[in-house]
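Data from work.pdb: PDB, C-alpha atoms
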```pdb
ATOM      1  CA  MET A  27      36.664 146.214 -85.173
ATOM      2  CA  SER A  28      39.823 145.569 -87.206
ATOM      3  CA  PRO A  29      40.368 142.100 -88.739
ATOM      4  CA  THR A  30      43.328 141.498 -86.402
ATOM      5  CA  LYS A  31      41.379 142.398 -83.260
ATOM      6  CA  LYS A  32      38.478 140.258 -84.418
ATOM      7  CA  ALA A  33      40.894 137.389 -85.059
ATOM      8  CA  TYR A  34      42.301 137.639 -81.527
ATOM      9  CA  LEU A  35      38.764 137.695 -80.089
ATOM     10  CA  GLN A  36      37.871 134.565 -82.089
ATOM     11  CA  LEU A  37      41.063 132.832 -81.016
ATOM     12  CA  HIS A  38      40.653 133.687 -77.331
ATOM     13  CA  THR A  39      37.068 132.388 -77.431
ATOM     14  CA  SER A  40      38.435 129.152 -78.863
ATOM     15  CA  VAL A  41      41.072 128.950 -76.142
ATOM     16  CA  VAL A  42      38.483 129.366 -73.381
ATOM     17  CA  LEU A  43      36.463 126.494 -74.865
ATOM     18  CA  TRP A  44      39.602 124.399 -75.382
ATOM     19  CA  GLY A  45      40.403 124.938 -71.712
ATOM     20  CA  PHE A  46      37.608 122.488 -70.922
ATOM     21  CA  THR A  47      38.853 119.731 -73.263
ATOM     22  CA  ALA A  48      41.445 118.456 -70.811
ATOM     23  CA  ILE A  49      38.890 118.415 -68.004
ATOM     24  CA  LEU A  50      36.469 116.429 -70.161
ATOM     25  CA  GLY A  51      39.274 114.096 -71.228
ATOM     26  CA  ARG A  52      39.917 113.260 -67.597
ATOM     27  CA  LEU A  53      36.204 112.774 -66.851
ATOM     28  CA  ILE A  54      35.616 110.460 -69.840
ATOM     29  CA  THR A  55      36.505 106.890 -68.883
ATOM     30  CA  LEU A  56      37.515 105.794 -72.404
ATOM     31  CA  LYS A  57      41.211 105.431 -73.282
ATOM     32  CA  GLU A  58      42.866 107.968 -75.571
ATOM     33  CA  VAL A  59      42.318 106.372 -79.013
ATOM     34  CA  PRO A  60      38.603 105.469 -78.586
ATOM     35  CA  LEU A  61      38.073 108.870 -76.963
ATOM     36  CA  VAL A  62      39.494 110.749 -79.961
ATOM     37  CA  TRP A  63      37.651 108.422 -82.369
ATOM     38  CA  TYR A  64      34.308 109.373 -80.811
ATOM     39  CA  ARG A  65      35.352 113.016 -80.591
ATOM     40  CA  VAL A  66      36.037 113.381 -84.322
ATOM     41  CA  LEU A  67      32.928 111.331 -85.206
ATOM     42  CA  ILE A  68      30.658 113.635 -83.188
ATOM     43  CA  THR A  69      32.440 116.709 -84.543
ATOM     44  CA  CYS A  70      31.977 115.589 -88.159
ATOM     45  CA  LEU A  71      28.288 114.896 -87.560
ATOM     46  CA  ALA A  72      27.922 118.381 -86.060
ATOM     47  CA  LEU A  73      29.718 119.978 -89.014
ATOM     48  CA  ILE A  74      27.373 118.300 -91.509
ATOM     49  CA  CYS A  75      24.522 120.220 -89.882
ATOM     50  CA  LEU A  76      26.147 123.540 -90.773
ATOM     51  CA  PRO A  77      24.818 125.047 -94.026
ATOM     52  CA  GLY A  78      27.098 124.850 -97.035
ATOM     53  CA  VAL A  79      29.699 122.498 -95.561
ATOM     54  CA  LEU A  80      29.155 119.617 -97.988
ATOM     55  CA  LYS A  81      29.169 122.046-100.920
ATOM     56  CA  GLN A  82      32.493 123.435 -99.728
ATOM     57  CA  VAL A  83      33.886 119.909 -99.472
ATOM     58  CA  LYS A  84      32.723 119.001-102.993
ATOM     59  CA  THR A  85      34.315 122.107-104.515
ATOM     60  CA  THR A  86      37.688 121.491-102.827
ATOM     61  CA  PRO A  87      40.327 120.480-105.419
ATOM     62  CA  ARG A  88      41.608 116.934-105.066
ATOM     63  CA  LYS A  89      45.189 118.038-104.409
ATOM     64  CA  GLY A  90      44.054 120.453-101.712
ATOM     65  CA  ALA A  91      41.817 117.813-100.131
ATOM     66  CA  LEU A  92      44.744 115.393 -99.907
ATOM     67  CA  LYS A  93      46.831 118.016 -98.106
ATOM     68  CA  LEU A  94      43.995 118.644 -95.668
ATOM     69  CA  ALA A  95      43.593 114.915 -95.128
ATOM     70  CA  GLY A  96      47.238 114.644 -94.120
ATOM     71  CA  ILE A  97      46.887 117.556 -91.727
ATOM     72  CA  GLY A  98      43.782 115.942 -90.227
ATOM     73  CA  CYS A  99      45.776 112.813 -89.417
ATOM     74  CA  LEU A 100      48.347 114.970 -87.603
ATOM     75  CA  VAL A 101      45.554 116.651 -85.621
ATOM     76  CA  CYS A 102      44.264 113.269 -84.459
ATOM     77  CA  ILE A 103      47.751 112.083 -83.499
ATOM     78  CA  HIS A 104      48.116 115.276 -81.475
ATOM     79  CA  TRP A 105      44.840 114.599 -79.673
ATOM     80  CA  VAL A 106      45.692 110.951 -79.005
ATOM     81  CA  CYS A 107      49.028 111.951 -77.459
ATOM     82  CA  PHE A 108      47.409 114.773 -75.495
ATOM     83  CA  TYR A 109      44.740 112.555 -73.940
ATOM     84  CA  GLY A 110      47.319 109.832 -73.441
ATOM     85  CA  SER A 111      49.350 112.370 -71.474
ATOM     86  CA  ILE A 112      46.319 113.092 -69.287
ATOM     87  CA  LYS A 113      45.628 109.402 -68.707
ATOM     88  CA  TYR A 114      49.268 108.630 -67.818
ATOM     89  CA  SER A 115      49.789 111.728 -65.666
ATOM     90  CA  ASN A 116      47.168 114.410 -65.021
ATOM     91  CA  VAL A 117      45.553 117.494 -66.531
ATOM     92  CA  SER A 118      48.098 119.974 -65.180
ATOM     93  CA  ILE A 119      51.150 118.144 -66.522
ATOM     94  CA  ALA A 120      49.571 117.507 -69.929
ATOM     95  CA  LEU A 121      48.647 121.179 -70.315
ATOM     96  CA  SER A 122      52.050 122.408 -69.152
ATOM     97  CA  CYS A 123      53.754 120.257 -71.790
ATOM     98  CA  LEU A 124      51.329 121.524 -74.422
ATOM     99  CA  ALA A 125      52.525 125.066 -73.736
ATOM    100  CA  THR A 126      55.856 124.211 -75.413
ATOM    101  CA  THR A 127      54.044 124.344 -78.755
ATOM    102  CA  SER A 128      55.162 127.955 -79.223
ATOM    103  CA  PHE A 129      58.841 127.029 -78.981
ATOM    104  CA  MET A 130      58.410 124.284 -81.535
ATOM    105  CA  ALA A 131      56.438 126.596 -83.829
ATOM    106  CA  SER A 132      59.212 129.217 -83.672
ATOM    107  CA  ILE A 133      61.520 126.688 -85.344
ATOM    108  CA  ILE A 134      59.067 124.803 -87.548
ATOM    109  CA  GLU A 135      57.315 127.790 -89.153
ATOM    110  CA  PRO A 136      60.504 129.347 -90.649
ATOM    111  CA  LEU A 137      61.698 125.926 -91.801
ATOM    112  CA  PHE A 138      58.445 125.135 -93.582
ATOM    113  CA  ASN A 139      58.138 128.621 -95.078
ATOM    114  CA  LYS A 140      61.868 128.907 -95.896
ATOM    115  CA  LYS A 141      62.134 132.177 -93.988
ATOM    116  CA  LYS A 142      64.503 133.574 -91.402
ATOM    117  CA  ILE A 143      63.993 132.809 -87.721
ATOM    118  CA  LYS A 144      62.977 135.780 -85.594
ATOM    119  CA  LEU A 145      65.511 135.975 -82.800
ATOM    120  CA  TYR A 146      63.061 137.172 -80.150
ATOM    121  CA  GLU A 147      60.642 134.334 -80.923
ATOM    122  CA  LEU A 148      63.462 131.805 -80.640
ATOM    123  CA  SER A 149      64.526 133.421 -77.358
ATOM    124  CA  LEU A 150      60.999 133.065 -75.987
ATOM    125  CA  GLY A 151      61.039 129.430 -77.025
ATOM    126  CA  LEU A 152      64.340 128.863 -75.236
ATOM    127  CA  LEU A 153      62.848 130.485 -72.128
ATOM    128  CA  ILE A 154      60.434 127.552 -71.970
ATOM    129  CA  ILE A 155      63.188 124.911 -71.641
ATOM    130  CA  PRO A 156      64.039 125.588 -67.939
ATOM    131  CA  GLY A 157      60.346 125.343 -67.142
ATOM    132  CA  ILE A 158      60.131 121.913 -68.763
ATOM    133  CA  ILE A 159      63.282 120.751 -66.941
ATOM    134  CA  ILE A 160      61.729 121.763 -63.606
ATOM    135  CA  ILE A 161      58.443 120.012 -64.438
ATOM    136  CA  VAL A 162      60.219 116.784 -65.440
ATOM    137  CA  HIS A 163      62.390 116.896 -62.319
ATOM    138  CA  VAL A 164      59.491 117.308 -59.889
ATOM    139  CA  SER A 165      57.145 114.944 -61.755
ATOM    140  CA  GLU A 166      59.326 111.852 -62.170
ATOM    141  CA  LEU A 167      56.376 109.536 -61.538
ATOM    142  CA  PHE A 168      54.691 110.862 -64.682
ATOM    143  CA  VAL A 169      57.512 110.523 -67.237
ATOM    144  CA  THR A 170      55.323 108.697 -69.774
ATOM    145  CA  GLY A 171      52.695 111.403 -69.521
ATOM    146  CA  ILE A 172      55.322 114.122 -69.948
ATOM    147  CA  ILE A 173      56.772 112.469 -73.065
ATOM    148  CA  LEU A 174      53.314 112.086 -74.607
ATOM    149  CA  GLY A 175      52.565 115.712 -73.734
ATOM    150  CA  LEU A 176      55.705 116.964 -75.498
ATOM    151  CA  VAL A 177      54.970 114.813 -78.566
ATOM    152  CA  SER A 178      51.456 116.244 -78.546
ATOM    153  CA  ALA A 179      52.921 119.769 -78.546
ATOM    154  CA  LEU A 180      55.192 118.895 -81.485
ATOM    155  CA  PHE A 181      52.283 117.712 -83.617
ATOM    156  CA  ALA A 182      50.231 120.747 -82.553
ATOM    157  CA  ALA A 183      52.988 123.048 -83.814
ATOM    158  CA  ILE A 184      53.282 121.157 -87.106
ATOM    159  CA  PHE A 185      49.585 121.111 -87.976
ATOM    160  CA  THR A 186      49.166 124.758 -86.941
ATOM    161  CA  VAL A 187      51.946 125.813 -89.306
ATOM    162  CA  LEU A 188      50.569 123.631 -92.115
ATOM    163  CA  ASN A 189      47.054 125.005 -91.603
ATOM    164  CA  LYS A 190      48.447 128.525 -91.820
ATOM    165  CA  MET A 191      50.006 127.658 -95.189
ATOM    166  CA  VAL A 192      46.720 126.466 -96.723
ATOM    167  CA  ILE A 193      44.048 128.447 -94.856
ATOM    168  CA  ASP A 194      43.692 131.126 -97.561
ATOM    169  CA  ASP A 195      42.719 128.499-100.142
ATOM    170  CA  HIS A 196      39.820 126.969 -98.197
ATOM    171  CA  HIS A 197      36.694 127.838 -96.252
ATOM    172  CA  PRO A 198      37.195 127.043 -92.528
ATOM    173  CA  GLN A 199      34.070 124.861 -92.138
ATOM    174  CA  GLY A 200      34.772 122.719 -95.185
ATOM    175  CA  MET A 201      38.442 122.582 -94.276
ATOM    176  CA  THR A 202      37.628 121.395 -90.759
ATOM    177  CA  PHE A 203      35.282 118.680 -92.052
ATOM    178  CA  ILE A 204      37.864 117.304 -94.490
ATOM    179  CA  GLU A 205      40.610 117.318 -91.873
ATOM    180  CA  LEU A 206      38.631 115.686 -89.090
ATOM    181  CA  GLY A 207      36.764 113.356 -91.448
ATOM    182  CA  SER A 208      40.117 112.126 -92.736
ATOM    183  CA  GLY A 209      41.332 111.848 -89.155
ATOM    184  CA  PHE A 210      38.318 109.700 -88.330
ATOM    185  CA  ILE A 211      39.123 107.363 -91.249
ATOM    186  CA  PHE A 212      42.770 107.251 -90.143
ATOM    187  CA  LEU A 213      41.818 106.289 -86.587
ATOM    188  CA  SER A 214      39.336 103.697 -87.867
ATOM    189  CA  ILE A 215      42.142 102.071 -89.873
ATOM    190  CA  ILE A 216      44.575 101.911 -86.959
ATOM    191  CA  MET A 217      41.919 100.939 -84.390
ATOM    192  CA  PRO A 218      42.253  97.145 -84.948
ATOM    193  CA  PHE A 219      46.008  97.369 -84.394
ATOM    194  CA  TYR A 220      45.482  99.436 -81.257
ATOM    195  CA  LEU A 221      42.940  96.959 -79.894
ATOM    196  CA  HIS A 222      45.386  94.132 -80.645
ATOM    197  CA  LEU A 223      48.138  95.889 -78.683
ATOM    198  CA  PHE A 224      45.769  96.795 -75.844
ATOM    199  CA  PRO A 225      43.286  93.918 -75.550
ATOM    200  CA  GLY A 226      40.310  94.535 -73.313
ATOM    201  CA  THR A 227      40.088  98.229 -74.271
ATOM    202  CA  ASN A 228      36.566  99.497 -73.627
ATOM    203  CA  MET A 229      34.937 100.853 -76.823
ATOM    204  CA  HIS A 230      31.497 101.508 -75.322
ATOM    205  CA  PRO A 231      30.976 104.874 -73.603
ATOM    206  CA  GLY A 232      28.868 104.928 -70.472
ATOM    207  CA  THR A 233      25.872 107.236 -69.992
ATOM    208  CA  GLY A 234      28.009 109.932 -68.429
ATOM    209  CA  ASP A 235      30.647 109.505 -71.125
ATOM    210  CA  TRP A 236      28.128 110.239 -73.875
ATOM    211  CA  THR A 237      27.187 113.542 -72.253
ATOM    212  CA  TYR A 238      30.824 114.586 -71.937
ATOM    213  CA  LEU A 239      31.631 113.392 -75.474
ATOM    214  CA  ILE A 240      28.820 115.447 -77.008
ATOM    215  CA  ILE A 241      29.953 118.552 -75.133
ATOM    216  CA  LEU A 242      33.540 117.833 -76.182
ATOM    217  CA  GLY A 243      32.673 117.209 -79.826
ATOM    218  CA  VAL A 244      30.269 120.117 -80.378
ATOM    219  CA  CYS A 245      31.072 122.905 -77.910
ATOM    220  CA  CYS A 246      34.779 122.281 -77.403
ATOM    221  CA  THR A 247      35.798 121.057 -80.867
ATOM    222  CA  THR A 248      33.488 122.097 -83.721
ATOM    223  CA  LEU A 249      32.952 125.697 -82.621
ATOM    224  CA  PRO A 250      36.503 126.566 -81.463
ATOM    225  CA  PHE A 251      38.175 124.731 -84.355
ATOM    226  CA  VAL A 252      36.251 126.770 -86.930
ATOM    227  CA  LEU A 253      36.805 130.021 -84.999
ATOM    228  CA  ALA A 254      40.532 129.319 -84.736
ATOM    229  CA  LEU A 255      40.834 128.707 -88.484
ATOM    230  CA  HIS A 256      39.040 132.007 -89.166
ATOM    231  CA  ALA A 257      41.503 133.740 -86.825
ATOM    232  CA  LEU A 258      44.500 132.054 -88.460
ATOM    233  CA  LYS A 259      43.770 133.986 -91.651
ATOM    234  CA  HIS A 260      44.984 137.152 -89.906
ATOM    235  CA  LEU A 261      47.548 135.844 -87.390
ATOM    236  CA  SER A 262      50.919 134.112 -87.668
ATOM    237  CA  ALA A 263      51.226 130.505 -86.531
ATOM    238  CA  PHE A 264      53.579 131.595 -83.735
ATOM    239  CA  ALA A 265      51.207 134.308 -82.460
ATOM    240  CA  SER A 266      48.382 131.771 -82.602
ATOM    241  CA  THR A 267      50.244 129.114 -80.627
ATOM    242  CA  LEU A 268      51.328 131.669 -78.011
ATOM    243  CA  THR A 269      47.686 132.679 -77.530
ATOM    244  CA  VAL A 270      46.651 129.043 -77.367
ATOM    245  CA  ASN A 271      49.209 128.677 -74.577
ATOM    246  CA  LEU A 272      46.631 130.357 -72.359
ATOM    247  CA  GLU A 273      44.741 127.056 -72.509
ATOM    248  CA  PRO A 274      46.938 125.585 -69.728
ATOM    249  CA  VAL A 275      46.058 128.540 -67.494
ATOM    250  CA  TYR A 276      42.338 127.840 -67.774
ATOM    251  CA  GLY A 277      42.762 124.075 -67.633
ATOM    252  CA  ILE A 278      45.083 124.032 -64.623
ATOM    253  CA  LEU A 279      42.866 126.467 -62.709
ATOM    254  CA  LEU A 280      39.840 124.271 -63.448
ATOM    255  CA  ALA A 281      41.702 121.077 -62.490
ATOM    256  CA  ILE A 282      42.536 122.357 -59.001
ATOM    257  CA  PRO A 283      38.941 122.561 -57.650
ATOM    258  CA  ILE A 284      37.600 119.649 -59.758
ATOM    259  CA  PHE A 285      40.387 117.049 -59.332
ATOM    260  CA  HIS A 286      42.419 118.601 -56.475
ATOM    261  CA  GLU A 287      45.596 118.095 -58.502
ATOM    262  CA  ASN A 288      47.392 120.690 -56.385
ATOM    263  CA  LYS A 289      47.752 117.959 -53.727
ATOM    264  CA  ASP A 290      49.921 115.887 -56.109
ATOM    265  CA  LEU A 291      52.094 118.774 -57.359
ATOM    266  CA  ASP A 292      54.322 121.054 -55.284
ATOM    267  CA  TRP A 293      55.312 124.684 -55.817
ATOM    268  CA  MET A 294      58.235 123.689 -58.087
ATOM    269  CA  PHE A 295      55.777 122.367 -60.679
ATOM    270  CA  TYR A 296      53.887 125.642 -60.719
ATOM    271  CA  LEU A 297      57.184 127.529 -60.949
ATOM    272  CA  GLY A 298      58.052 125.557 -64.091
ATOM    273  CA  THR A 299      54.586 126.155 -65.505
ATOM    274  CA  GLY A 300      54.867 129.853 -64.692
ATOM    275  CA  ILE A 301      58.141 130.110 -66.617
ATOM    276  CA  ILE A 302      56.521 128.495 -69.658
ATOM    277  CA  LEU A 303      53.482 130.766 -69.541
ATOM    278  CA  LEU A 304      55.640 133.869 -69.052
ATOM    279  CA  ALA A 305      56.402 133.715 -72.778
ATOM    280  CA  VAL A 306      52.718 134.274 -73.517
ATOM    281  CA  PHE A 307      52.757 137.687 -71.877
ATOM    282  CA  ILE A 308      56.213 138.765 -73.066
ATOM    283  CA  HIS A 309      55.599 138.028 -76.756
ATOM    284  CA  PRO A 310      53.340 141.030 -77.581
ATOM    285  CA  LEU A 311      55.849 143.424 -75.994
ATOM    286  CA  LEU A 312      58.802 141.999 -77.912
ATOM    287  CA  LYS A 313      56.851 141.895 -81.154
ATOM    288  CA  LYS A 314      55.978 145.575 -80.774
ATOM    289  CA  ARG A 315      59.583 146.438 -79.913
ATOM    290  CA  PHE A 316      61.448 144.413 -82.546
ATOM    291  CA  GLY A 317      58.894 143.401 -85.191
ATOM    292  CA  GLU A 318      60.755 141.913 -88.149
ATOM    293  CA  LYS A 319      64.108 143.490 -87.307
ATOM    294  CA  GLN A 320      65.912 140.731 -85.433
ATOM    295  CA  VAL A 321      66.264 137.582 -87.500
ATOM    296  CA  ILE A 322      68.868 134.870 -87.902
ATOM    297  CA  GLU A 323      69.623 132.838 -90.976
ATOM    298  CA  LEU A 324      68.558 129.211 -91.123
ATOM    299  CA  LEU A 325      71.389 126.690 -91.419
TER     300      LEU A 325
END
```

Will you turn the file into C-alpha cells for me?
Amino acid sequence: MSPTKKAYLQLHTSVVLWGFTAILGRLITLKEVPLVWYRVLITCLALICLPGVLKQVKTTPRKGALKLAGIGCLVCIHWVCFYGSIKYSNVSIALSCLATTSFMASIIEPLFNKKKIKLYELSLGLLIIPGIIIIVHVSELFVTGIILGLVSALFAAIFTVLNKMVIDDHHPQGMTFIELGSGFIFLSIIMPFYLHLFPGTNMHPGTGDWTYLIILGVCCTTLPFVLALHALKHLSAFASTLTVNLEPVYGILLAIPIFHENKDLDWMFYLGTGIILLAVFIHPLLKKRFGEKQVIELL
C-alpha cells in the first residue's frame, strides 16, 4: 500500500471514530468547558500508557514544544465551541457548520504558507456558502449554536494548517500529548473565570457520564488524533479537512435514530447540508483534473 493510500485509510478511520464524538457530546450532561476539560484529561492519561510517549516529549526542543502548546490551546477552543454548538442547537447543526472547515482552510493554508490559492479549492469553499445561508435561514431558533459551530470550524482549520506545518518535526504521539496536555493546562487556568460567569455549573460527571467520557477520551480522541497526525504527513491540510467533512455524514445519520433530530429539521436543512458535503465528493475529481495549474495570487 502506498503512503498516500495508507494515509487516507488512517484518516477515514479517524473520521468514523470522530463521527461518534458529537453523539457522545450530546449524551454527556456536562456543559462544554467541563466536558472538554475531562476529555483532554482522560486523553492525556491514555497517551501516557503508550510506550515511548514521555521520551518523545522530553526530546522535543523547547521552541517546538511552545508551538505545539499554542496549537493545543486552539484545539481545545475548537472543541469548546463545537460542544457549545451542540448544547445550544443540536448534533446535526453543529456538524453541518463544522463542514465549512474546508472553505476556511482553502484561504488559511495559502496565507500561512505564503503560497498561491488554488482556484478550484477556493471555488469549492465558495460552494459551501449557499448551504450555510440555507441552514441559518431554516434554523433561526439555533443562531447561537450556528455561530459557535462556525467559530469551531475556523479554529479547526487554523490548527489543522498549523499541525501540517510542524508535523514533520515531531512524532505524532508525543506531539499529541504536548498539545492536549497544554490544552488541559489552558482550560484549567480559564476554568475559574468560566465558573464565575456561569455559576452553578456542574463539574461532577454522573455514572453514565464517566462511561461516555472514557469512550470519548480513549476511542474517539486518543486513537483518531494520533492516526490523523500520521496521515497529515502525506496529505495537504485542505485534503485532510475535506475528508474530515465526512464526519457530519456519520454524525447526522447517527443523530436521526438516536435523538430523532429529523423531527426538528425540515428538508431545507438537509438541502443546505447536502450542498456543503457536495464539496467532499467533487474535490478529488477537480484535483485530478487541475492539480496545481489553476492558482490565483494572494493580495

Separation of CA of Ala91 (chain A) from CA of Ala125 (chain A), in Å and rounded to one decimal: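 That distance, rounded to one decimal, is 29.4 Å.
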
Give me the result of the PyMOL selection byres ((chain A and resi 189-204) around 9) on this file, residue by residue, as a PyMOL selection string. chain A and resi 69-70+73-74+76+78-84+86+90-95+97-98+138-139+184-188+205-209+248+251-256+258-259+261-263

Residues of the last selection are to be written out with C-alpha atoms, as a CSV table (one decimal), in the frame of the given file.
```
chain,number,residue,atom,x,y,z
A,69,THR,CA,32.4,116.7,-84.5
A,70,CYS,CA,32.0,115.6,-88.2
A,73,LEU,CA,29.7,120.0,-89.0
A,74,ILE,CA,27.4,118.3,-91.5
A,76,LEU,CA,26.1,123.5,-90.8
A,78,GLY,CA,27.1,124.8,-97.0
A,79,VAL,CA,29.7,122.5,-95.6
A,80,LEU,CA,29.2,119.6,-98.0
A,81,LYS,CA,29.2,122.0,-100.9
A,82,GLN,CA,32.5,123.4,-99.7
A,83,VAL,CA,33.9,119.9,-99.5
A,84,LYS,CA,32.7,119.0,-103.0
A,86,THR,CA,37.7,121.5,-102.8
A,90,GLY,CA,44.1,120.5,-101.7
A,91,ALA,CA,41.8,117.8,-100.1
A,92,LEU,CA,44.7,115.4,-99.9
A,93,LYS,CA,46.8,118.0,-98.1
A,94,LEU,CA,44.0,118.6,-95.7
A,95,ALA,CA,43.6,114.9,-95.1
A,97,ILE,CA,46.9,117.6,-91.7
A,98,GLY,CA,43.8,115.9,-90.2
A,138,PHE,CA,58.4,125.1,-93.6
A,139,ASN,CA,58.1,128.6,-95.1
A,184,ILE,CA,53.3,121.2,-87.1
A,185,PHE,CA,49.6,121.1,-88.0
A,186,THR,CA,49.2,124.8,-86.9
A,187,VAL,CA,51.9,125.8,-89.3
A,188,LEU,CA,50.6,123.6,-92.1
A,205,GLU,CA,40.6,117.3,-91.9
A,206,LEU,CA,38.6,115.7,-89.1
A,207,GLY,CA,36.8,113.4,-91.4
A,208,SER,CA,40.1,112.1,-92.7
A,209,GLY,CA,41.3,111.8,-89.2
A,248,THR,CA,33.5,122.1,-83.7
A,251,PHE,CA,38.2,124.7,-84.4
A,252,VAL,CA,36.3,126.8,-86.9
A,253,LEU,CA,36.8,130.0,-85.0
A,254,ALA,CA,40.5,129.3,-84.7
A,255,LEU,CA,40.8,128.7,-88.5
A,256,HIS,CA,39.0,132.0,-89.2
A,258,LEU,CA,44.5,132.1,-88.5
A,259,LYS,CA,43.8,134.0,-91.7
A,261,LEU,CA,47.5,135.8,-87.4
A,262,SER,CA,50.9,134.1,-87.7
A,263,ALA,CA,51.2,130.5,-86.5
```

Output check: residues returned by the PyMOL selection byres ((chain A and resi 182) around 8), as a CSV table (one decimal) with C-alpha atoms, in the frame of the given file:
```csv
chain,number,residue,atom,x,y,z
A,100,LEU,CA,48.3,115.0,-87.6
A,101,VAL,CA,45.6,116.7,-85.6
A,104,HIS,CA,48.1,115.3,-81.5
A,127,THR,CA,54.0,124.3,-78.8
A,178,SER,CA,51.5,116.2,-78.5
A,179,ALA,CA,52.9,119.8,-78.5
A,180,LEU,CA,55.2,118.9,-81.5
A,181,PHE,CA,52.3,117.7,-83.6
A,183,ALA,CA,53.0,123.0,-83.8
A,184,ILE,CA,53.3,121.2,-87.1
A,185,PHE,CA,49.6,121.1,-88.0
A,186,THR,CA,49.2,124.8,-86.9
```

Please indicate the distance in Å from CA of Thr233 (chain A) to CA of Gly51 (chain A), rounded to one decimal place.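 Atom-to-atom, CA of Thr233 (chain A) and CA of Gly51 (chain A) are spaced 15.1 Å apart.
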
Run the PyMOL selection byres ((chain A and resi 277) around 9) on the file and write out the hits as a PDB file with C-alpha atoms, keeping the file's coordinate frame.
```pdb
ATOM      1  CA  VAL A  42      38.483 129.366 -73.381  1.00  0.00           C
ATOM      2  CA  TRP A  44      39.602 124.399 -75.382  1.00  0.00           C
ATOM      3  CA  GLY A  45      40.403 124.938 -71.712  1.00  0.00           C
ATOM      4  CA  PHE A  46      37.608 122.488 -70.922  1.00  0.00           C
ATOM      5  CA  THR A  47      38.853 119.731 -73.263  1.00  0.00           C
ATOM      6  CA  ALA A  48      41.445 118.456 -70.811  1.00  0.00           C
ATOM      7  CA  ILE A  49      38.890 118.415 -68.004  1.00  0.00           C
ATOM      8  CA  VAL A 117      45.553 117.494 -66.531  1.00  0.00           C
ATOM      9  CA  SER A 118      48.098 119.974 -65.180  1.00  0.00           C
ATOM     10  CA  LEU A 121      48.647 121.179 -70.315  1.00  0.00           C
ATOM     11  CA  LEU A 272      46.631 130.357 -72.359  1.00  0.00           C
ATOM     12  CA  GLU A 273      44.741 127.056 -72.509  1.00  0.00           C
ATOM     13  CA  PRO A 274      46.938 125.585 -69.728  1.00  0.00           C
ATOM     14  CA  VAL A 275      46.058 128.540 -67.494  1.00  0.00           C
ATOM     15  CA  TYR A 276      42.338 127.840 -67.774  1.00  0.00           C
ATOM     16  CA  ILE A 278      45.083 124.032 -64.623  1.00  0.00           C
ATOM     17  CA  LEU A 279      42.866 126.467 -62.709  1.00  0.00           C
ATOM     18  CA  LEU A 280      39.840 124.271 -63.448  1.00  0.00           C
ATOM     19  CA  ALA A 281      41.702 121.077 -62.490  1.00  0.00           C
ATOM     20  CA  ILE A 282      42.536 122.357 -59.001  1.00  0.00           C
TER      21      ILE A 282
END
```

Calculate how many Å separate CA of Ala120 (chain A) from CA of Leu303 (chain A), rounding to one decimal.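 The value is 13.8 Å.
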
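Selection around (53.4, 129.2, -61.0) with radius 12 Å, counting all atoms listed in the file, yields the residues Ser118, Ser122, Gly157, Ile160, Ile161, Pro274, Val275, Ile278, Leu279, Asn288, Leu291, Asp292, Trp293, Met294, Phe295, Tyr296, Leu297, Gly298, Thr299, Gly300, Ile301, Ile302, Leu303 and Leu304 of chain A.
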
If you count all atoms listed in the file, which residues fall within 8 Å of Ala305 (chain A), apart from same-chain ones fewer than 6 positions away, as a ChimeraX atom specification? /A:150-151,153-154,268

Limited to C-alpha atoms, could you put the picked residues into a file as a PDB file, in the coordinates of the input?
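Writing done, so here's part_11.pdb:
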```pdb
ATOM      1  CA  LEU A 150      60.999 133.065 -75.987  1.00  0.00           C
ATOM      2  CA  GLY A 151      61.039 129.430 -77.025  1.00  0.00           C
ATOM      3  CA  LEU A 153      62.848 130.485 -72.128  1.00  0.00           C
ATOM      4  CA  ILE A 154      60.434 127.552 -71.970  1.00  0.00           C
ATOM      5  CA  LEU A 268      51.328 131.669 -78.011  1.00  0.00           C
TER       6      LEU A 268
END
```

For a cut-off of 7 Å around (57.3, 117.1, -72.7), file coordinates, pick out all residues using only C-alpha atoms and list them as number ranges by chain. A: 123, 158, 172-177

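Nearest to His286 (chain A) of all the residues A:Asn116, A:Pro77, A:Ser214, A:Cys246 is A:Asn116, counting only C-alpha atoms.
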
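Among the candidates A:Cys102, A:Phe224, A:Leu249, A:Ile211, the one nearest to Val62 (chain A) when counting only C-alpha atoms is A:Cys102.
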